[in-house]
Amino acid sequence: MASEKNPNPKKIKVSPWLIYGVVALIFLFISFITGGSSFEEPLKTSSSKFNEYLEKGQVNKVIVYNKAEAEVYISPEALKDPIHKAVANDLLNRPNKGPHYTLEIGNDEIFQNKLEAAVKANKLREYSFLPKSNWGDLLQMILPFLLILGLWIFIMRRMNGGAGGGGGQIFNIGKSKAKLFDEKTDIKTTFKDVAGLEGAKEEIQEIVEFLKNPEKYTNLGGKIPKGALLVGPPGTGKTLLAKAVAGEAKVPFFSLSGSDFVEMFVGVGASRVRDLFKQAKEKSPAIIFIDEIDAVGRARGKNNMSGGNDERENTLNQLLTEMDGFGTNSNVIVLAATNRADVLDKALMRAGRFDRQIFVDLPDIRERKEIFEVHLAPLKKVEGLDTDFLAKQTPGFSGADIANVCNEAALIAARNNKTAVDKQDFLDAVDRIVGGLEKKNKIVTPDEKRAIAVHEAGHATVSWMLEHAAPLIKVTIVPRGQSLGAAWYLPEERLIVRTEQMLDEMCATMGGRAAEKVVFDRISTGALSDLEKVTKQARAMVTVYGLNDKLGNITYYDSTGQSEYSFSKPYSEDTAMVIDKEISTLIESQYQRAITILSENKDKLNMLADILIEKEVIFKDDLEAIFGKRPFDPVIAEEIAE
């Protein structure tokens with residue numbers, strides 16, 4: 001079977017130096033046309049000197065143009081005469097082939113009679129009268145304008161995104177910038193490459209199946225959905241799902257970003273939307289994928305800057321019309337992705353446009369294991385690497401974060417001259433991503449080191465003593481990133497959080513500052529990040545989740561995001577005072593609770609701090625040696641119950 005031709009052949013890239021060379025060759029060509037084969041301009045001579053050359057028999061040929069100007073060719077033997085030294089050679093010091101002189105004639109009949117007499121006397125070989133063309137002069141006059149025009153077009157094409165593709169040319173600025181994929185391109189991503197996201201893949205696969213086999217659904221009276229919106233945090237695989245659709249669907253797939261519609265010229269965005277849907281309808285059934293649609297689909301009328309973004313609203317209006325308006329082709333499906341669904345326009349979200357909203361959430365422990373297996377496949381790793389353990393060590397990580405962990409682990413293993421990536425490399429990679437790069441050369445005084453050790457030991461001690469606090473994995477006083485010390489925990493993956501769980505987490509967070517108070521009876525600025533975290537938690541308990549007895553079951557959270565554009569608060573000044581007081585009371589109560597726990601275990605706290613100063617890094621086993629087994633762990637709790 002004959003091989004199919006590539007529908008998208010690679011375009012030849014033209015180097016600017018090639019253009020400069022062509023221009024130089026054009027100038028040389030003109031020089032040849034206007035100046036003859038030599039690079040030497042013929043000299044003007046007088047009638048008396050011409051008669052002298054003619055009498056001596058030195059003239060080989062004479063050509064008369066338009067009965068007004070004559071070109072005189074001197075014979076090769078006569079060029080050796082010193083009188084012709086100025087025209088004997090050209091600019092390259094080669095023998096000049098002529099013409100050597102030019103002569104303006106008066107009466108052409110008298111001049112012709114003179115030439116005929118010289119031919120009869122064997123003093124002239126030949127002569128001729130010819131009409132002279134002005135093409136050379138005309139070309140020499142027009143060429144600079146042509147070169148300037150060509151250079152201007154070349155620069156404008158480069159300024160508007162390059163010479164290739166829609167929208168690249170100066171006259172095609174309103175064309176769509178969408179990249180077209182089809183089954184003949186090299187898109188290899190399929191649903192098998194997308195780990196986890198089973199629910200999202202099921203809905204996306206149904207759309208692909210509808211395009212492949214529409215009769216299966218239309219026979220029952222069903223209609224193809226107009227669009228699907230992928231919503232979720234960054235890095236969860238929204239764009240990857242779209243790539244899988246491009247690999248699975250045997251229909252044309254147009255891919256572009258929301259910012260591709262935005263341009264400095266008025267009306268360009270709407271024009272590009274029209275052109276995009278026109279191309280898609282011509283190739284229907286087809287799929288359009290718009291990444292980061294919030295760049296163009298933000299709700300209208302919420303812009304505080306008056307008259308600041310009418311062009312974006314015009315683009316959105318055109319998009320709304322194309323997705324569900326008169327004459328809309330139902331064989332074009334629009335996929336879109338965003339992590340800011342709350343700011344999108346309501347008209348864009350209604351049924352008939354984006355019929356389905358597919359939430360792509362952060363992966364759970366099972367899905368993280370699948371994602372690890374995908375990204376571990378190309379790595380040279382040790383035998384028997386426990387992916388379950390890696391999944392447990394990365395709570396809250398997105399798919400992009402897990403890919404970064406695998407890459408960092410490979411880099412760390414290569415840095416340590418290992419032949420395979422092992423478990424420790426992955427743990428170091430997680431530490432590097434979460435805490436930052438270790439700064440072992442940072443100058444820390446002994447007093448500061450002691451304070452940091454006590455602070456981190458306070459976190460570890462309080463979290464060990466509280467039932468709902470996250471279990472500790474590792475504590476270090478080696479500076480990382482902007483922090484002077486850090487503690488790693490393994491939080492429980494909860495779908496709902498109860499009041500006592502949040503209070504225990506807040507108490508463990510305040511354990512660092514409480515330890516400084518218990519041991520040194522003074523506090524420092526080292527608890528800034530702890531205070532920021534606990535203040536946000538307390539404010540959320542009071543104003544968002546309705547977990548405060550004094551305020552009751554009320555929330556001031558607005559999920560629509562409209563409160564972001566309002567200068568007024570949804571509560572009175574008296575309520576604001578109550579909120580501030582309750583937040584302060586909540587934080588201070590947990591601070592005093594942490595001080596009480598640490599005061600009861602002060603000896604063990606100091607012992608843990610001493611070990612931390614000595615080793616710089618301690619693990620769960622070191623805490624068990626000091627405090628004993630944690631009674632809240634599931635296995636220990638079962639043993640106590642028995």
# chains A, B, ... in the order shown; residues from 1 in each chain; ligands from 1
>>> residues_around(residues="region 374-385 of chain A", least_positions_apart="3", cutoff="7 Å", atoms="only C-alpha atoms", output="list in words")
Glu370, Ile371, Ala403, Cys406, Ala420, Val421, Asp422 and Lys423 of chain A
>>> closest_residue(among="A:Lys238, A:Glu209, A:Glu467, A:Thr315", to="Asp260 (chain A)", atoms="only C-alpha atoms")
A:Thr315
>>> residues_around(residues="Ile613 (chain A)", least_positions_apart="6", cutoff="8 Å", atoms="only C-alpha atoms", output="VMD selection string")
chain A and resid 449 to 450 453 477
>>> write_last_selection(atoms="C-alpha atoms", output="PDB file, in the first residue's frame")
ATOM      1  CA  LYS A 449      20.403  26.875  66.869  1.00  0.00           C
ATOM      2  CA  ARG A 450      19.156  26.027  70.375  1.00  0.00           C
ATOM      3  CA  ALA A 453      15.710  23.128  68.011  1.00  0.00           C
ATOM      4  CA  ILE A 477      16.873  22.163  62.020  1.00  0.00           C
TER       5      ILE A 477
END
>>> residues_around(residues="region 75-92 of chain A", least_positions_apart="6", cutoff="12 Å", atoms="only C-alpha atoms", output="JSON, numbers by chain")
{"A": [35, 36, 37, 38, 39, 40, 41, 42, 43, 44, 45, 49, 52, 53, 54, 56, 57, 58, 59, 60, 61, 62, 98, 99, 100, 101, 102, 123, 124, 125, 126]}
>>> select_by_dssp(residues="region 79-121 of chain A", states="strand (DSSP E or B)", output="number ranges by chain")
A: 89, 95, 101-104
>>> residues_around(residues="Ser398 (chain A)", least_positions_apart="3", cutoff="12 Å", atoms="only C-alpha atoms", output="PyMOL selection string")
chain A and resi 195-197+232-238+360-365+367-369+371-372+391+394-395+401-405
>>> write_last_selection(atoms="N, CA, C and O atoms", output="compact mmCIF listing (two decimals), in the first residue's frame")
# COMPACT_ATOMS: atom_id res chain seq x y z
N ALA A 195 -3.50 8.57 34.21
CA ALA A 195 -3.73 7.76 35.40
C ALA A 195 -4.74 8.43 36.31
O ALA A 195 -4.77 9.66 36.43
N GLY A 196 -5.57 7.61 36.99
CA GLY A 196 -6.60 8.18 37.85
C GLY A 196 -7.69 8.85 37.03
O GLY A 196 -7.92 8.54 35.86
N LEU A 197 -8.39 9.78 37.65
CA LEU A 197 -9.43 10.58 36.98
C LEU A 197 -10.46 9.71 36.28
O LEU A 197 -10.88 9.99 35.14
N GLY A 232 -10.74 22.42 37.84
CA GLY A 232 -9.95 21.82 38.90
C GLY A 232 -8.70 22.60 39.19
O GLY A 232 -8.34 23.53 38.46
N PRO A 233 -8.01 22.25 40.29
CA PRO A 233 -6.78 22.96 40.66
C PRO A 233 -5.70 22.80 39.59
O PRO A 233 -5.77 21.90 38.75
N PRO A 234 -4.68 23.67 39.61
CA PRO A 234 -3.60 23.54 38.62
C PRO A 234 -2.85 22.22 38.77
O PRO A 234 -2.63 21.73 39.88
N GLY A 235 -2.47 21.65 37.64
CA GLY A 235 -1.63 20.46 37.66
C GLY A 235 -2.36 19.16 37.83
O GLY A 235 -1.73 18.11 38.02
N THR A 236 -3.69 19.16 37.78
CA THR A 236 -4.44 17.92 38.02
C THR A 236 -4.70 17.12 36.74
O THR A 236 -5.23 16.01 36.83
N GLY A 237 -4.34 17.64 35.58
CA GLY A 237 -4.45 16.85 34.36
C GLY A 237 -5.53 17.28 33.41
O GLY A 237 -5.97 16.49 32.58
N LYS A 238 -5.99 18.53 33.48
CA LYS A 238 -7.05 18.99 32.59
C LYS A 238 -6.56 19.03 31.14
O LYS A 238 -7.22 18.52 30.24
N VAL A 360 -12.08 18.01 37.99
CA VAL A 360 -10.83 17.24 38.03
C VAL A 360 -10.12 17.60 39.32
O VAL A 360 -9.45 18.63 39.42
N ASP A 361 -10.29 16.76 40.34
CA ASP A 361 -9.78 17.07 41.68
C ASP A 361 -8.37 16.54 41.86
O ASP A 361 -7.84 15.79 41.04
N LEU A 362 -7.76 16.94 42.99
CA LEU A 362 -6.45 16.39 43.35
C LEU A 362 -6.57 14.89 43.56
O LEU A 362 -7.56 14.40 44.10
N PRO A 363 -5.59 14.12 43.15
CA PRO A 363 -5.70 12.65 43.23
C PRO A 363 -5.65 12.15 44.67
O PRO A 363 -4.95 12.72 45.52
N ASP A 364 -6.40 11.08 44.93
CA ASP A 364 -6.32 10.44 46.24
C ASP A 364 -5.15 9.46 46.24
O ASP A 364 -4.39 9.37 45.26
N ILE A 365 -5.00 8.70 47.34
CA ILE A 365 -3.82 7.85 47.48
C ILE A 365 -3.77 6.76 46.40
O ILE A 365 -2.69 6.44 45.89
N GLU A 367 -5.08 6.95 43.33
CA GLU A 367 -4.76 7.60 42.05
C GLU A 367 -3.32 8.08 42.01
O GLU A 367 -2.67 8.04 40.96
N ARG A 368 -2.79 8.50 43.16
CA ARG A 368 -1.38 8.92 43.19
C ARG A 368 -0.46 7.74 42.87
O ARG A 368 0.57 7.90 42.22
N LYS A 369 -0.84 6.55 43.35
CA LYS A 369 -0.05 5.36 43.03
C LYS A 369 -0.03 5.12 41.52
O LYS A 369 1.02 4.83 40.94
N ILE A 371 -0.47 7.34 39.17
CA ILE A 371 0.31 8.41 38.53
C ILE A 371 1.80 8.14 38.70
O ILE A 371 2.60 8.34 37.78
N PHE A 372 2.21 7.69 39.88
CA PHE A 372 3.61 7.34 40.10
C PHE A 372 4.06 6.25 39.13
O PHE A 372 5.16 6.32 38.57
N ALA A 391 3.10 6.99 47.40
CA ALA A 391 1.79 7.63 47.35
C ALA A 391 1.40 8.16 48.73
O ALA A 391 0.79 9.23 48.84
N THR A 394 3.06 11.62 49.72
CA THR A 394 2.78 12.80 48.90
C THR A 394 1.32 13.21 48.98
O THR A 394 0.64 13.33 47.94
N PRO A 395 0.77 13.43 50.17
CA PRO A 395 -0.64 13.87 50.26
C PRO A 395 -0.80 15.29 49.71
O PRO A 395 0.05 16.16 49.94
N ASP A 401 2.85 17.76 40.26
CA ASP A 401 3.79 17.68 41.38
C ASP A 401 4.47 16.32 41.43
O ASP A 401 5.67 16.23 41.69
N ILE A 402 3.71 15.26 41.18
CA ILE A 402 4.28 13.91 41.20
C ILE A 402 5.29 13.74 40.07
O ILE A 402 6.35 13.13 40.25
N ALA A 403 4.98 14.28 38.91
CA ALA A 403 5.96 14.24 37.81
C ALA A 403 7.23 14.98 38.19
O ALA A 403 8.34 14.54 37.87
N ASN A 404 7.07 16.09 38.89
CA ASN A 404 8.24 16.85 39.34
C ASN A 404 9.04 16.07 40.38
O ASN A 404 10.27 16.11 40.39
N VAL A 405 8.35 15.34 41.28
CA VAL A 405 9.04 14.51 42.28
C VAL A 405 9.90 13.45 41.59
O VAL A 405 11.07 13.24 41.95
>>> residues_around(residues="region 335-343 of chain A", least_positions_apart="4", cutoff="8 Å", atoms="only C-alpha atoms", output="PyMOL selection string")
chain A and resi 227-234+238-239+242+287-294+298-299+559-561
>>> closest_residue(among="A:Glu198, A:Gly247, A:Met349, A:Arg366", to="Asp388 (chain A)", atoms="only C-alpha atoms")
A:Arg366
>>> closest_residue(among="A:Ile148, A:Leu390, A:Val296, A:Ala286", to="Leu344 (chain A)", atoms="only C-alpha atoms")
A:Val296
>>> residues_around(residues="Gly512 (chain A)", least_positions_apart="3", cutoff="7 Å", atoms="only C-alpha atoms", output="number ranges by chain")
A: 455-456, 458-459, 509, 515-516, 527
>>> write_last_selection(atoms="all heavy atoms", output="compact mmCIF listing (two decimals), in the first residue's frame")
# COMPACT_ATOMS: atom_id res chain seq x y z
N HIS A 455 12.05 25.11 69.25
CA HIS A 455 10.83 25.44 68.49
C HIS A 455 10.32 24.20 67.75
O HIS A 455 9.13 23.85 67.85
CB HIS A 455 11.14 26.57 67.51
CG HIS A 455 9.96 27.04 66.73
ND1 HIS A 455 9.27 28.19 67.02
CD2 HIS A 455 9.33 26.50 65.65
CE1 HIS A 455 8.28 28.35 66.17
NE2 HIS A 455 8.29 27.33 65.32
N GLU A 456 11.20 23.54 67.00
CA GLU A 456 10.78 22.37 66.23
C GLU A 456 10.42 21.21 67.14
O GLU A 456 9.49 20.44 66.86
CB GLU A 456 11.88 21.96 65.23
CG GLU A 456 12.23 23.02 64.20
CD GLU A 456 11.03 23.42 63.35
OE1 GLU A 456 10.11 22.60 63.17
OE2 GLU A 456 11.00 24.57 62.87
N GLY A 458 9.08 21.52 70.02
CA GLY A 458 7.75 21.86 70.52
C GLY A 458 6.65 21.40 69.58
O GLY A 458 5.63 20.84 70.01
N HIS A 459 6.83 21.64 68.27
CA HIS A 459 5.86 21.14 67.28
C HIS A 459 5.72 19.63 67.38
O HIS A 459 4.61 19.09 67.40
CB HIS A 459 6.32 21.52 65.86
CG HIS A 459 6.11 22.95 65.51
ND1 HIS A 459 4.88 23.57 65.60
CD2 HIS A 459 6.97 23.89 65.05
CE1 HIS A 459 5.00 24.84 65.21
NE2 HIS A 459 6.26 25.05 64.87
N THR A 509 0.30 23.61 65.76
CA THR A 509 0.98 24.71 65.06
C THR A 509 1.55 25.72 66.04
O THR A 509 2.64 26.27 65.83
CB THR A 509 -0.01 25.41 64.11
OG1 THR A 509 -0.57 24.45 63.23
CG2 THR A 509 0.69 26.48 63.29
N ALA A 515 6.79 26.33 73.04
CA ALA A 515 8.03 25.73 73.54
C ALA A 515 9.06 26.80 73.89
O ALA A 515 9.78 26.70 74.90
CB ALA A 515 8.58 24.76 72.50
N GLU A 516 9.15 27.83 73.04
CA GLU A 516 10.07 28.93 73.36
C GLU A 516 9.67 29.60 74.67
O GLU A 516 10.53 29.96 75.49
CB GLU A 516 10.05 29.96 72.21
CG GLU A 516 10.59 29.44 70.89
CD GLU A 516 10.55 30.50 69.80
OE1 GLU A 516 10.84 31.68 70.12
OE2 GLU A 516 10.23 30.18 68.65
N ALA A 527 8.19 32.33 64.64
CA ALA A 527 6.88 31.68 64.49
C ALA A 527 5.98 32.39 63.49
O ALA A 527 4.76 32.22 63.52
CB ALA A 527 6.19 31.61 65.85
>>> closest_residue(among="A:Ala576, A:Val617, A:Ile443, A:Met465", to="Ile597 (chain A)", atoms="only C-alpha atoms")
A:Met465
